[in-house]
$ cat input.csv   # CSV, N, CA and C atoms
chain,number,residue,atom,x,y,z
N,1,MET,N,31.3,38.3,4.6
N,1,MET,CA,31.0,37.1,3.9
N,1,MET,C,29.5,36.8,3.8
N,2,SER,N,29.0,36.5,2.7
N,2,SER,CA,27.5,36.4,2.5
N,2,SER,C,27.2,34.9,2.3
N,3,PHE,N,26.2,34.4,3.0
N,3,PHE,CA,25.8,33.0,2.8
N,3,PHE,C,25.2,32.7,1.5
N,4,LEU,N,24.5,33.7,1.0
N,4,LEU,CA,23.9,33.6,-0.3
N,4,LEU,C,24.8,34.3,-1.3
N,5,PRO,N,25.3,33.7,-2.3
N,5,PRO,CA,26.4,34.3,-3.1
N,5,PRO,C,25.9,35.4,-3.9
N,6,ASN,N,24.7,35.4,-4.4
N,6,ASN,CA,24.2,36.5,-5.3
N,6,ASN,C,23.5,37.6,-4.6
N,7,VAL,N,23.3,37.5,-3.3
N,7,VAL,CA,22.5,38.5,-2.5
N,7,VAL,C,23.5,39.2,-1.6
N,8,GLN,N,23.5,40.5,-1.7
N,8,GLN,CA,24.3,41.3,-0.8
N,8,GLN,C,23.7,41.5,0.6
N,9,ALA,N,24.5,41.7,1.6
N,9,ALA,CA,24.0,41.8,3.0
N,9,ALA,C,23.1,43.1,3.1
N,10,GLY,N,23.3,44.1,2.4
N,10,GLY,CA,22.5,45.3,2.4
N,10,GLY,C,21.1,45.0,1.9
N,11,GLU,N,21.0,44.2,0.9
N,11,GLU,CA,19.7,43.8,0.3
N,11,GLU,C,18.9,43.0,1.3
N,12,ILE,N,19.5,42.1,2.1
N,12,ILE,CA,18.8,41.3,3.1
N,12,ILE,C,18.3,42.3,4.2
N,13,THR,N,19.2,43.2,4.6
N,13,THR,CA,18.8,44.1,5.7
N,13,THR,C,17.6,45.0,5.2
N,14,ARG,N,17.7,45.4,4.0
N,14,ARG,CA,16.6,46.3,3.4
N,14,ARG,C,15.3,45.5,3.4
N,15,ALA,N,15.4,44.2,3.0
N,15,ALA,CA,14.2,43.4,2.9
N,15,ALA,C,13.6,43.1,4.2
N,16,LEU,N,14.4,42.9,5.2
N,16,LEU,CA,13.9,42.8,6.6
N,16,LEU,C,13.3,44.0,7.1
N,17,ALA,N,13.9,45.2,6.8
N,17,ALA,CA,13.3,46.5,7.2
N,17,ALA,C,11.9,46.7,6.5
N,18,GLU,N,11.8,46.3,5.3
N,18,GLU,CA,10.5,46.5,4.6
N,18,GLU,C,9.5,45.6,5.2
N,19,ASN,N,9.8,44.4,5.5
N,19,ASN,CA,8.9,43.5,6.2
N,19,ASN,C,8.5,44.0,7.5
N,20,GLN,N,9.4,44.7,8.2
N,20,GLN,CA,9.1,45.3,9.5
N,20,GLN,C,8.0,46.4,9.3
N,21,GLN,N,8.2,47.1,8.3
N,21,GLN,CA,7.2,48.2,8.0
N,21,GLN,C,5.8,47.6,7.6
N,22,VAL,N,5.8,46.4,7.1
N,22,VAL,CA,4.5,45.8,6.7
N,22,VAL,C,3.9,45.2,8.0
N,23,LEU,N,4.7,44.7,8.9
N,23,LEU,CA,4.1,44.1,10.1
N,23,LEU,C,3.7,45.2,11.2
N,24,ASP,N,4.2,46.4,11.1
N,24,ASP,CA,3.9,47.4,12.1
N,24,ASP,C,2.4,47.7,12.1
N,25,PRO,N,1.7,48.0,11.0
N,25,PRO,CA,0.3,48.3,11.0
N,25,PRO,C,-0.5,47.1,11.6
N,26,ILE,N,-0.1,45.9,11.3
N,26,ILE,CA,-0.8,44.7,11.8
N,26,ILE,C,-0.7,44.7,13.3
N,27,ARG,N,0.6,44.9,13.8
N,27,ARG,CA,0.8,44.9,15.2
N,27,ARG,C,0.0,46.0,15.9
N,28,GLN,N,0.0,47.2,15.3
N,28,GLN,CA,-0.8,48.3,15.9
N,28,GLN,C,-2.3,48.0,15.9
N,29,LEU,N,-2.8,47.4,14.9
N,29,LEU,CA,-4.2,47.0,14.8
N,29,LEU,C,-4.6,46.1,15.9
N,30,ILE,N,-3.7,45.1,16.1
N,30,ILE,CA,-4.0,44.1,17.2
N,30,ILE,C,-3.9,44.8,18.6
N,31,PHE,N,-2.9,45.7,18.7
N,31,PHE,CA,-2.7,46.4,20.0
N,31,PHE,C,-3.9,47.3,20.3
N,32,ASP,N,-4.4,48.0,19.2
N,32,ASP,CA,-5.5,48.9,19.4
N,32,ASP,C,-6.8,48.2,19.8
N,33,ASN,N,-7.1,47.0,19.2
N,33,ASN,CA,-8.3,46.3,19.4
N,33,ASN,C,-8.3,45.4,20.6
N,34,PHE,N,-7.1,44.8,20.9
N,34,PHE,CA,-7.1,43.8,21.9
N,34,PHE,C,-6.1,44.1,23.1
N,35,GLY,N,-5.3,45.1,22.9
N,35,GLY,CA,-4.4,45.5,24.0
N,35,GLY,C,-3.1,44.6,24.0
N,36,GLN,N,-2.3,44.8,25.0
N,36,GLN,CA,-1.1,44.0,25.1
N,36,GLN,C,-1.3,42.5,25.2
N,37,ASN,N,-2.3,42.1,25.9
N,37,ASN,CA,-2.6,40.6,26.0
N,37,ASN,C,-3.0,40.1,24.6
N,38,GLY,N,-3.6,40.9,23.7
N,38,GLY,CA,-3.9,40.4,22.4
N,38,GLY,C,-2.6,40.2,21.6
N,39,LEU,N,-1.6,41.1,21.8
N,39,LEU,CA,-0.3,41.0,21.1
N,39,LEU,C,0.4,39.7,21.6
N,40,TYR,N,0.3,39.4,22.9
N,40,TYR,CA,0.9,38.2,23.4
N,40,TYR,C,0.3,37.0,22.8
N,41,ALA,N,-1.1,37.0,22.7
N,41,ALA,CA,-1.8,35.9,22.1
N,41,ALA,C,-1.4,35.7,20.6
N,42,ALA,N,-1.3,36.8,19.9
N,42,ALA,CA,-0.9,36.8,18.5
N,42,ALA,C,0.5,36.2,18.3
N,43,TYR,N,1.4,36.6,19.2
N,43,TYR,CA,2.8,36.1,19.2
N,43,TYR,C,2.8,34.6,19.5
N,44,LEU,N,2.0,34.2,20.4
N,44,LEU,CA,1.9,32.8,20.8
N,44,LEU,C,1.3,32.0,19.6
N,45,LEU,N,0.3,32.5,18.9
N,45,LEU,CA,-0.3,31.9,17.8
N,45,LEU,C,0.7,31.7,16.7
N,46,VAL,N,1.4,32.7,16.4
N,46,VAL,CA,2.4,32.6,15.3
N,46,VAL,C,3.5,31.6,15.7
N,47,ALA,N,3.9,31.6,16.9
N,47,ALA,CA,5.0,30.6,17.4
N,47,ALA,C,4.4,29.2,17.3
N,48,ALA,N,3.1,29.0,17.7
N,48,ALA,CA,2.6,27.7,17.6
N,48,ALA,C,2.4,27.2,16.2
N,49,ILE,N,2.0,28.1,15.3
N,49,ILE,CA,1.9,27.7,13.9
N,49,ILE,C,3.3,27.4,13.3
N,50,GLY,N,4.3,28.2,13.6
N,50,GLY,CA,5.7,27.9,13.2
N,50,GLY,C,6.2,26.6,13.7
N,51,ALA,N,5.9,26.3,15.0
N,51,ALA,CA,6.4,25.0,15.6
N,51,ALA,C,5.7,23.9,14.9
N,52,LEU,N,4.4,24.0,14.6
N,52,LEU,CA,3.7,22.9,13.9
N,52,LEU,C,4.3,22.7,12.5
N,53,ILE,N,4.6,23.7,11.8
N,53,ILE,CA,5.2,23.6,10.5
N,53,ILE,C,6.5,22.9,10.5
N,54,VAL,N,7.4,23.3,11.5
N,54,VAL,CA,8.7,22.7,11.7
N,54,VAL,C,8.5,21.3,12.0
N,55,PHE,N,7.6,20.9,12.9
N,55,PHE,CA,7.4,19.5,13.3
N,55,PHE,C,6.9,18.7,12.1
N,56,LYS,N,6.0,19.2,11.3
N,56,LYS,CA,5.6,18.5,10.1
N,56,LYS,C,6.8,18.2,9.1
N,57,LEU,N,7.6,19.3,8.9
N,57,LEU,CA,8.8,19.1,8.1
N,57,LEU,C,9.7,18.1,8.6
N,58,ILE,N,10.0,18.1,9.9
N,58,ILE,CA,10.9,17.1,10.4
N,58,ILE,C,10.3,15.7,10.3
N,59,LYS,N,9.0,15.5,10.6
N,59,LYS,CA,8.3,14.3,10.5
N,59,LYS,C,8.4,13.7,9.0
N,60,THR,N,8.2,14.6,8.1
N,60,THR,CA,8.2,14.2,6.7
N,60,THR,C,9.6,13.8,6.3
N,61,CYS,N,10.6,14.5,6.8
N,61,CYS,CA,12.0,14.1,6.4
N,61,CYS,C,12.3,12.7,7.0
N,62,PHE,N,11.9,12.5,8.2
N,62,PHE,CA,12.2,11.1,8.8
N,62,PHE,C,11.4,10.1,8.1
N,63,GLU,N,10.2,10.3,7.7
N,63,GLU,CA,9.4,9.3,6.9
N,63,GLU,C,10.1,9.1,5.6
N,64,ILE,N,10.6,10.1,4.9
N,64,ILE,CA,11.3,9.9,3.6
N,64,ILE,C,12.5,9.0,3.8
N,65,ILE,N,13.3,9.3,4.9
N,65,ILE,CA,14.5,8.6,5.1
N,65,ILE,C,14.2,7.1,5.5
N,66,PHE,N,13.3,6.9,6.4
N,66,PHE,CA,13.1,5.5,6.9
N,66,PHE,C,12.1,4.7,6.1
N,67,PHE,N,11.3,5.3,5.3
N,67,PHE,CA,10.3,4.5,4.5
N,67,PHE,C,10.6,4.6,3.0
N,68,VAL,N,11.6,5.4,2.5
N,68,VAL,CA,11.9,5.5,1.1
N,68,VAL,C,13.4,5.2,0.9
N,69,ALA,N,14.2,6.1,1.5
N,69,ALA,CA,15.6,6.0,1.1
N,69,ALA,C,16.3,4.7,1.6
N,70,LEU,N,16.2,4.4,2.8
N,70,LEU,CA,16.9,3.2,3.3
N,70,LEU,C,16.4,1.9,2.7
N,71,PRO,N,15.0,1.7,2.7
N,71,PRO,CA,14.6,0.5,2.0
N,71,PRO,C,14.9,0.4,0.5
N,72,SER,N,14.9,1.5,-0.2
N,72,SER,CA,15.2,1.4,-1.6
N,72,SER,C,16.6,1.1,-1.8
N,73,VAL,N,17.5,1.7,-1.1
N,73,VAL,CA,19.0,1.4,-1.2
N,73,VAL,C,19.2,-0.1,-0.8
N,74,LEU,N,18.6,-0.6,0.3
N,74,LEU,CA,18.9,-1.9,0.7
N,74,LEU,C,18.3,-2.9,-0.3
N,75,SER,N,17.1,-2.7,-0.8
N,75,SER,CA,16.5,-3.6,-1.7
N,75,SER,C,17.2,-3.6,-3.1
N,76,ALA,N,17.7,-2.5,-3.5
N,76,ALA,CA,18.4,-2.4,-4.8
N,76,ALA,C,19.7,-3.2,-4.6
N,77,PHE,N,20.3,-3.1,-3.4
N,77,PHE,CA,21.6,-3.8,-3.2
N,77,PHE,C,21.3,-5.3,-3.2
N,78,VAL,N,20.3,-5.7,-2.5
N,78,VAL,CA,20.0,-7.2,-2.5
N,78,VAL,C,19.6,-7.7,-3.8
N,79,LEU,N,18.8,-6.9,-4.6
N,79,LEU,CA,18.4,-7.3,-5.9
N,79,LEU,C,19.5,-7.5,-6.9
N,80,THR,N,20.6,-6.8,-6.7
N,80,THR,CA,21.8,-6.9,-7.6
N,80,THR,C,22.3,-8.4,-7.5
N,81,PHE,N,22.1,-9.1,-6.4
N,81,PHE,CA,22.6,-10.5,-6.3
N,81,PHE,C,21.7,-11.4,-7.1
N,82,PHE,N,20.4,-11.1,-7.3
N,82,PHE,CA,19.4,-12.0,-7.9
N,82,PHE,C,19.1,-11.6,-9.3
N,83,LEU,N,19.3,-10.4,-9.7
N,83,LEU,CA,19.0,-10.0,-11.1
N,83,LEU,C,20.3,-9.5,-11.8
N,84,PRO,N,20.2,-9.6,-13.1
N,84,PRO,CA,21.5,-9.2,-13.9
N,84,PRO,C,21.6,-7.7,-14.1
N,85,TYR,N,21.0,-6.9,-13.3
N,85,TYR,CA,21.1,-5.5,-13.4
N,85,TYR,C,22.0,-4.9,-12.4
N,86,SER,N,22.5,-3.7,-12.7
N,86,SER,CA,23.4,-3.1,-11.7
N,86,SER,C,22.6,-2.3,-10.6
N,87,PHE,N,23.3,-1.9,-9.6
N,87,PHE,CA,22.7,-1.2,-8.5
N,87,PHE,C,22.0,0.1,-8.9
N,88,PHE,N,22.7,0.9,-9.8
N,88,PHE,CA,22.3,2.2,-10.2
N,88,PHE,C,21.1,2.0,-11.2
N,89,TYR,N,21.0,0.9,-11.8
N,89,TYR,CA,19.8,0.7,-12.7
N,89,TYR,C,18.6,0.3,-11.9
N,90,LEU,N,18.8,-0.4,-10.8
N,90,LEU,CA,17.6,-0.8,-10.0
N,90,LEU,C,17.2,0.3,-9.0
N,91,LEU,N,18.1,1.2,-8.6
N,91,LEU,CA,17.8,2.2,-7.6
N,91,LEU,C,16.6,3.1,-7.9
N,92,PRO,N,16.5,3.6,-9.1
N,92,PRO,CA,15.3,4.4,-9.4
N,92,PRO,C,14.0,3.6,-9.4
N,93,ALA,N,14.0,2.4,-9.8
N,93,ALA,CA,12.8,1.6,-9.7
N,93,ALA,C,12.4,1.3,-8.3
N,94,THR,N,13.3,0.9,-7.4
N,94,THR,CA,13.0,0.7,-6.0
N,94,THR,C,12.6,2.0,-5.3
N,95,THR,N,13.2,3.1,-5.6
N,95,THR,CA,12.8,4.3,-5.0
N,95,THR,C,11.4,4.7,-5.4
N,96,ALA,N,11.0,4.5,-6.7
N,96,ALA,CA,9.7,4.8,-7.1
N,96,ALA,C,8.7,3.9,-6.4
N,97,LEU,N,9.1,2.6,-6.2
N,97,LEU,CA,8.2,1.6,-5.6
N,97,LEU,C,7.9,2.0,-4.1
N,98,PHE,N,9.0,2.4,-3.4
N,98,PHE,CA,8.8,2.7,-2.0
N,98,PHE,C,8.2,4.1,-1.8
N,99,THR,N,8.4,5.0,-2.8
N,99,THR,CA,7.7,6.3,-2.7
N,99,THR,C,6.2,6.1,-2.9
N,100,LEU,N,5.8,5.2,-3.8
N,100,LEU,CA,4.4,4.9,-4.0
N,100,LEU,C,3.9,4.2,-2.7
N,101,GLY,N,4.6,3.4,-2.1
N,101,GLY,CA,4.2,2.8,-0.8
N,101,GLY,C,4.0,3.8,0.3
N,102,LEU,N,4.9,4.8,0.3
N,102,LEU,CA,4.7,5.9,1.3
N,102,LEU,C,3.5,6.7,1.1
N,103,VAL,N,3.2,7.0,-0.2
N,103,VAL,CA,2.0,7.8,-0.6
N,103,VAL,C,0.8,7.0,-0.2
N,104,LEU,N,0.7,5.7,-0.5
N,104,LEU,CA,-0.4,4.9,-0.2
N,104,LEU,C,-0.6,4.8,1.3
N,105,ARG,N,0.5,4.7,2.0
N,105,ARG,CA,0.5,4.6,3.5
N,105,ARG,C,-0.1,5.9,4.1
N,106,THR,N,0.3,7.0,3.6
N,106,THR,CA,-0.1,8.3,4.0
N,106,THR,C,-1.6,8.5,3.7
N,107,VAL,N,-2.1,8.1,2.5
N,107,VAL,CA,-3.5,8.3,2.2
N,107,VAL,C,-4.3,7.3,3.0
N,108,THR,N,-3.9,6.1,3.2
N,108,THR,CA,-4.6,5.1,4.0
N,108,THR,C,-4.8,5.6,5.4
N,109,PHE,N,-3.7,6.1,6.1
N,109,PHE,CA,-3.8,6.5,7.4
N,109,PHE,C,-4.6,7.8,7.6
N,110,SER,N,-4.6,8.7,6.6
N,110,SER,CA,-5.4,9.9,6.7
N,110,SER,C,-6.9,9.7,6.7
N,111,LYS,N,-7.3,8.6,6.1
N,111,LYS,CA,-8.8,8.3,6.0
N,111,LYS,C,-9.3,7.8,7.3
N,112,GLY,N,-8.5,7.1,8.0
N,112,GLY,CA,-9.0,6.5,9.3
N,112,GLY,C,-8.7,7.2,10.5
$ encode --input "input.csv" --output "structure tokens"
Amino acid sequence: MSFLPNVQAGEITRALAENQQVLDPIRQLIFDNFGQNGLYAAYLLVAAIGALIVFKLIKTCFEIIFFVALPSVLSAFVLTFFLPYSFFYLLPATTALFTLGLVLRTVTFSKG
């Protein structure tokens, strides 16, 4: 059973093997110039960069959920009681408003 419906398992294995052949010269270059400790440092660097990327993605997902999705749904629901528009008519407007708020919040905090 394949998780990707249009890609066969043999193609994935071949792609991984090709990437392994690309990484071998880099690994050998680091080993020749810096030794085994240099390889450990390179692995640690790659792991740290990967962890930072995963952390930023998780942080961004939580910011989108808590600063855009939930407030826009709640405000659209509340606005249906006060305005003659339906929930699904108001939801894109509130989502755009809270997305703009998140962008301005991010830009404001990155300056200071």
$ residues_around --input "input.csv" --residues "range 58-75 of chain N" --least-positions-apart "5" --cutoff "6 Å" --atoms "only C-alpha atoms" --output "PyMOL selection string"
chain N and resi 94-95+98-99
$ select_by_dssp --input "input.csv" --residues "chain N" --states "alpha helix (DSSP H)" --output "ChimeraX atom specification"
/N:9-64,70-82,87-111
$ atom_distance --input "input.csv" --atom1 "atom N of Tyr89 in chain N" --atom2 "atom C of Ala76 in chain N"
8.4 Å
$ residues_around --input "input.csv" --residues "range 77-80 of chain N" --least-positions-apart "6" --cutoff "8 Å" --atoms "all atoms listed in the file" --output "NGL selection string"
:N and (71 or 86-88 or 90-91)
$ atom_distance --input "input.csv" --atom1 "CA of Leu45 in chain N" --atom2 "CA of Arg27 in chain N"
13.3 Å
$ atom_distance --input "input.csv" --atom1 "atom C of Glu11 in chain N" --atom2 "atom N of Ile49 in chain N"
26.5 Å
